[in-house]
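Content type CSV, C-alpha atoms, from the file entry.csv:
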chain,number,residue,atom,x,y,z
A,1,MET,CA,-156.0,281.9,-6.9
A,2,TYR,CA,-154.8,278.6,-5.6
A,3,SER,CA,-157.0,275.6,-4.9
A,4,LYS,CA,-156.7,274.1,-1.3
A,5,GLN,CA,-154.4,271.4,-2.7
A,6,GLN,CA,-152.2,273.9,-4.6
A,7,ALA,CA,-151.9,276.2,-1.5
A,8,SER,CA,-151.0,273.2,0.6
A,9,ALA,CA,-148.3,272.1,-1.8
A,10,VAL,CA,-146.8,275.6,-2.0
A,11,ARG,CA,-146.9,275.9,1.8
A,12,GLN,CA,-145.2,272.5,2.1
A,13,ALA,CA,-142.6,273.6,-0.3
A,14,PHE,CA,-141.9,276.7,1.7
A,15,TYR,CA,-141.5,274.7,5.0
A,16,THR,CA,-139.2,272.2,3.2
A,17,ALA,CA,-137.1,275.1,1.9
A,18,PHE,CA,-137.1,276.8,5.3
A,19,GLY,CA,-136.2,273.6,7.1
A,20,THR,CA,-133.3,273.0,4.7
A,21,TYR,CA,-132.1,276.6,5.2
A,22,MET,CA,-132.3,276.3,9.0
A,23,ALA,CA,-130.9,272.8,9.4
A,24,PRO,CA,-127.3,273.9,10.0
A,25,VAL,CA,-128.4,276.7,12.5
A,26,LEU,CA,-127.7,275.6,16.1
A,27,SER,CA,-129.8,276.5,19.1
A,28,ALA,CA,-128.6,279.1,21.7
A,29,ASP,CA,-127.2,276.1,23.6
A,30,GLY,CA,-125.1,275.1,20.5
A,31,GLU,CA,-127.2,272.0,19.9
A,32,PRO,CA,-129.0,271.0,16.7
A,33,GLN,CA,-132.6,272.2,16.6
A,34,ASN,CA,-135.7,271.3,14.6
A,35,TRP,CA,-136.8,274.8,14.0
A,36,ILE,CA,-140.1,273.9,12.3
A,37,ASN,CA,-141.2,271.6,15.1
A,38,TYR,CA,-139.6,273.4,18.0
A,39,LYS,CA,-139.8,271.3,21.2
A,40,THR,CA,-139.8,273.3,24.4
A,41,GLY,CA,-139.7,270.2,26.6
A,42,VAL,CA,-142.7,271.5,28.6
A,43,LYS,CA,-146.1,270.1,28.1
A,44,HIS,CA,-148.6,272.6,26.6
A,45,ILE,CA,-146.0,275.2,25.8
A,46,PHE,CA,-145.0,275.5,22.1
A,47,ILE,CA,-143.1,277.8,19.9
A,48,ARG,CA,-145.0,277.9,16.7
A,49,MET,CA,-144.9,279.5,13.2
A,50,ASP,CA,-148.0,280.1,11.1
A,51,THR,CA,-148.5,281.1,7.5
A,52,PRO,CA,-152.0,281.9,6.7
A,53,ASN,CA,-152.5,282.9,3.0
A,54,ARG,CA,-151.6,286.5,3.8
A,55,GLY,CA,-149.1,287.4,6.5
A,56,ALA,CA,-147.1,285.2,9.0
A,57,ASN,CA,-146.7,285.0,12.7
A,58,VAL,CA,-144.4,283.3,15.2
A,59,GLY,CA,-144.6,283.0,18.9
A,60,ILE,CA,-145.4,281.1,22.0
A,61,GLN,CA,-148.6,279.1,22.3
A,62,LEU,CA,-150.1,277.8,25.5
A,63,THR,CA,-152.5,275.0,25.0
A,64,ASP,CA,-153.3,273.6,28.5
A,65,PRO,CA,-156.9,272.5,28.3
A,66,ASP,CA,-157.6,273.9,31.8
A,67,PRO,CA,-158.3,277.6,31.3
A,68,LEU,CA,-157.2,278.5,34.8
A,69,VAL,CA,-153.8,276.7,34.4
A,70,ARG,CA,-153.3,278.2,31.0
A,71,PHE,CA,-154.0,281.7,32.3
A,72,GLN,CA,-151.6,281.2,35.2
A,73,VAL,CA,-148.9,280.2,32.8
A,74,PHE,CA,-149.8,283.2,30.6
A,75,GLN,CA,-149.4,285.4,33.7
A,76,GLN,CA,-145.9,283.9,34.3
A,77,PHE,CA,-144.9,284.9,30.8
A,78,GLN,CA,-146.3,288.4,31.4
A,79,GLN,CA,-144.0,288.7,34.4
A,80,LEU,CA,-141.1,287.8,32.0
A,81,LYS,CA,-142.1,290.4,29.4
A,82,ASN,CA,-139.1,292.7,30.0
A,83,ILE,CA,-136.7,289.7,29.6
A,84,LEU,CA,-138.6,288.7,26.4
A,85,VAL,CA,-138.2,292.2,24.9
A,86,GLU,CA,-134.6,292.5,26.1
A,87,THR,CA,-133.5,289.1,24.9
A,88,THR,CA,-135.3,289.1,21.5
A,89,GLY,CA,-134.8,292.8,20.7
A,90,TYR,CA,-138.4,293.1,19.7
A,91,ASP,CA,-141.1,295.1,21.6
A,92,ASP,CA,-144.0,294.5,19.2
A,93,TRP,CA,-145.2,291.2,20.8
A,94,ILE,CA,-149.0,290.7,20.8
A,95,TRP,CA,-150.4,289.2,24.0
A,96,GLU,CA,-153.6,287.2,23.7
A,97,PRO,CA,-154.8,285.5,26.9
A,98,ASN,CA,-157.7,283.9,25.1
A,99,THR,CA,-158.0,283.0,21.5
A,100,HIS,CA,-158.4,279.9,19.3
A,101,ASN,CA,-156.0,278.1,17.0
A,102,GLN,CA,-156.9,276.8,13.5
A,103,THR,CA,-158.6,273.7,14.9
A,104,GLY,CA,-160.8,275.7,17.2
A,105,GLN,CA,-158.9,274.8,20.4
A,106,GLU,CA,-158.8,277.5,23.0
A,107,ILE,CA,-155.3,278.8,23.6
A,108,SER,CA,-153.2,281.7,24.9
A,109,ARG,CA,-150.4,283.1,22.8
A,110,ILE,CA,-147.7,285.7,22.6
A,111,TYR,CA,-146.6,286.4,19.0
A,112,VAL,CA,-145.4,288.8,16.5
A,113,SER,CA,-146.7,289.2,12.9
A,114,LEU,CA,-145.5,290.1,9.5
A,115,GLU,CA,-148.5,291.5,7.5
A,116,ARG,CA,-147.2,292.3,4.1
A,117,ALA,CA,-145.9,288.9,2.8
A,118,SER,CA,-147.6,285.8,1.6
A,119,VAL,CA,-146.4,282.2,1.7
A,120,LEU,CA,-148.2,281.7,-1.6
A,121,ASN,CA,-146.0,284.2,-3.4
A,122,LYS,CA,-142.5,282.7,-3.8
A,123,ALA,CA,-141.1,286.2,-4.3
A,124,ASP,CA,-142.0,286.8,-0.6
A,125,TRP,CA,-140.2,283.7,0.7
A,126,PRO,CA,-136.9,285.5,1.4
A,127,GLU,CA,-138.7,288.0,3.6
A,128,LEU,CA,-140.6,285.2,5.3
A,129,ILE,CA,-137.5,283.1,5.9
A,130,SER,CA,-135.7,286.2,7.3
A,131,PHE,CA,-138.7,287.0,9.6
A,132,PHE,CA,-138.9,283.4,10.9
A,133,LYS,CA,-135.2,282.9,11.3
A,134,THR,CA,-134.6,286.0,13.4
A,135,ARG,CA,-137.7,285.6,15.5
A,136,LEU,CA,-137.2,281.8,16.1
A,137,MET,CA,-133.6,282.3,17.1
A,138,ALA,CA,-134.5,285.1,19.4
A,139,LEU,CA,-137.4,283.1,21.0
A,140,ASP,CA,-134.9,280.2,21.4
A,141,GLN,CA,-132.5,282.4,23.3
A,142,PHE,CA,-135.4,283.7,25.5
A,143,TRP,CA,-136.6,280.2,26.1
A,144,ARG,CA,-133.2,278.9,27.2
A,145,LEU,CA,-133.1,281.7,29.8
A,146,VAL,CA,-136.6,281.1,31.3
A,147,LYS,CA,-137.6,277.5,30.7
A,148,PHE,CA,-136.5,276.3,34.1
A,149,GLN,CA,-139.4,278.4,35.5
A,150,PHE,CA,-142.0,276.3,33.6
A,151,GLU,CA,-140.5,272.9,34.1
A,152,PRO,CA,-142.5,270.6,36.5
Translate the structure of the given file into structure tokens.
Amino acid sequence: MYSKQQASAVRQAFYTAFGTYMAPVLSADGEPQNWINYKTGVKHIFIRMDTPNRGANVGIQLTDPDPLVRFQVFQQFQQLKNILVETTGYDDWIWEPNTHNQTGQEISRIYVSLERASVLNKADWPELISFFKTRLMALDQFWRLVKFQFEP
């Protein structure tokens, strides 16, 4: 069992290792990309990774504070579901129109999870890195195709 500080240090070490591993990987546009802090360029739309103590998930988070606006954007993504599945090659996306993030902020999200790995177990890191790399690159390719529909 890890203390909060130890768990934080292990998690930080994982993200440092992942960032180093992904640094040479270019975006779908052939440009350098900060994969850990992926910038969509559209306010309140983020591509996020999360590593709770058990499992991992990656996906799109919508954080507009206006619930009506956030739901409208969520509906826009729902209309693009076929393109998301086609482009990413994954059909196991979980669609949550209303949930909360770690800080309690109300959000909407579209994500995929990996249940059996833990960031706190270094033996699971290769599986986590593979999970995040493939999904982030797939989401990047999807975002490059549809982002113009969300730009102001």
Item to check | Nearest to Phe132 (chain A) by atom-to-atom distance, counting only C-alpha atoms, from A:Ile45, A:Ile107, A:Ile83, A:Ile36 | outcome: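 Of A:Ile45, A:Ile107, A:Ile83, A:Ile36, the one nearest Phe132 (chain A) is A:Ile36, counting only C-alpha atoms.
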Item to check | Protein, DNA and RNA residues within 9 Å of (-145.3, 282.8, 21.9), only C-alpha atoms, as a PyMOL selection string | outcome: chain A and resi 45-48+58-62+93-95+108-112+139
Item to check | Selected residue, from A:Lys4, A:His44, A:Arg54, A:Arg11, that lies nearest to Asp66 (chain A) when counting all atoms listed in the file | outcome: A:His44
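Take CA of Asp50 (chain A) and CA of Phe14 (chain A): the distance between them is 11.7 Å.
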Checklist entry - Residues at most 9 Å from Ala7 (chain A), counting all atoms listed in the file, excluding those fewer than 5 positions away in the same chain, as a PyMOL selection string? => result chain A and resi 1-2+12+53+119-120
I'd like a table as a tab-separated table: residues in region 118-141 of chain A with an atom no more than 12 Å from region 21-33 of chain A, each row giving the shortest atom pair and its distance in Å to one decimal, only C-alpha atoms counted, sorted by chain and rising residue number.
residue	atom	partner	partner_atom	distance
A:Trp125	CA	A:Tyr21	CA	11.7
A:Pro126	CA	A:Tyr21	CA	10.8
A:Ile129	CA	A:Tyr21	CA	8.5
A:Ser130	CA	A:Tyr21	CA	10.5
A:Phe132	CA	A:Met22	CA	9.9
A:Lys133	CA	A:Met22	CA	7.6
A:Thr134	CA	A:Met22	CA	10.9
A:Leu136	CA	A:Ser27	CA	9.6
A:Met137	CA	A:Ser27	CA	7.2
A:Ala138	CA	A:Ala28	CA	8.7
A:Leu139	CA	A:Ala28	CA	9.7
A:Asp140	CA	A:Ala28	CA	6.4
A:Gln141	CA	A:Ala28	CA	5.4
Once you have the residues from the selection above, write them out as a PDB file, keeping the file's coordinate frame, restricted to C-alpha atoms.
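result31.pdb, freshly written:
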ATOM      1  CA  TRP A 125    -140.200 283.700   0.700  1.00  0.00           C
ATOM      2  CA  PRO A 126    -136.900 285.500   1.400  1.00  0.00           C
ATOM      3  CA  ILE A 129    -137.500 283.100   5.900  1.00  0.00           C
ATOM      4  CA  SER A 130    -135.700 286.200   7.300  1.00  0.00           C
ATOM      5  CA  PHE A 132    -138.900 283.400  10.900  1.00  0.00           C
ATOM      6  CA  LYS A 133    -135.200 282.900  11.300  1.00  0.00           C
ATOM      7  CA  THR A 134    -134.600 286.000  13.400  1.00  0.00           C
ATOM      8  CA  LEU A 136    -137.200 281.800  16.100  1.00  0.00           C
ATOM      9  CA  MET A 137    -133.600 282.300  17.100  1.00  0.00           C
ATOM     10  CA  ALA A 138    -134.500 285.100  19.400  1.00  0.00           C
ATOM     11  CA  LEU A 139    -137.400 283.100  21.000  1.00  0.00           C
ATOM     12  CA  ASP A 140    -134.900 280.200  21.400  1.00  0.00           C
ATOM     13  CA  GLN A 141    -132.500 282.400  23.300  1.00  0.00           C
TER      14      GLN A 141
END
Next on the checklist: One decimal, in Å: what's the spacing between CA of Thr51 (chain A) and CA of Ala9 (chain A)?
Outcome noted: 12.9 Å
Checklist entry - In terms of the shortest atom-to-atom distance over all atoms listed in the file, which of A:Leu128, A:Pro97, A:Thr87, A:Phe142 is closest to Val69 (chain A)? => result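 Closest residue, counting all atoms listed in the file: A:Pro97.
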Checklist entry - Between CA of Tyr38 (chain A) and CA of Gln72 (chain A), what is the spacing in Å? => result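 Here the two named atoms are 22.4 Å from each other.
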Extending 4 Å beyond the listed atoms of region 63-69 of chain A on each side, what axis-aligned box results? I want centre and edge lengths in Å to one decimal, as JSON.
{"center_x": -155.4, "center_y": 275.5, "center_z": 29.9, "size_x": 13.8, "size_y": 14.0, "size_z": 17.8}
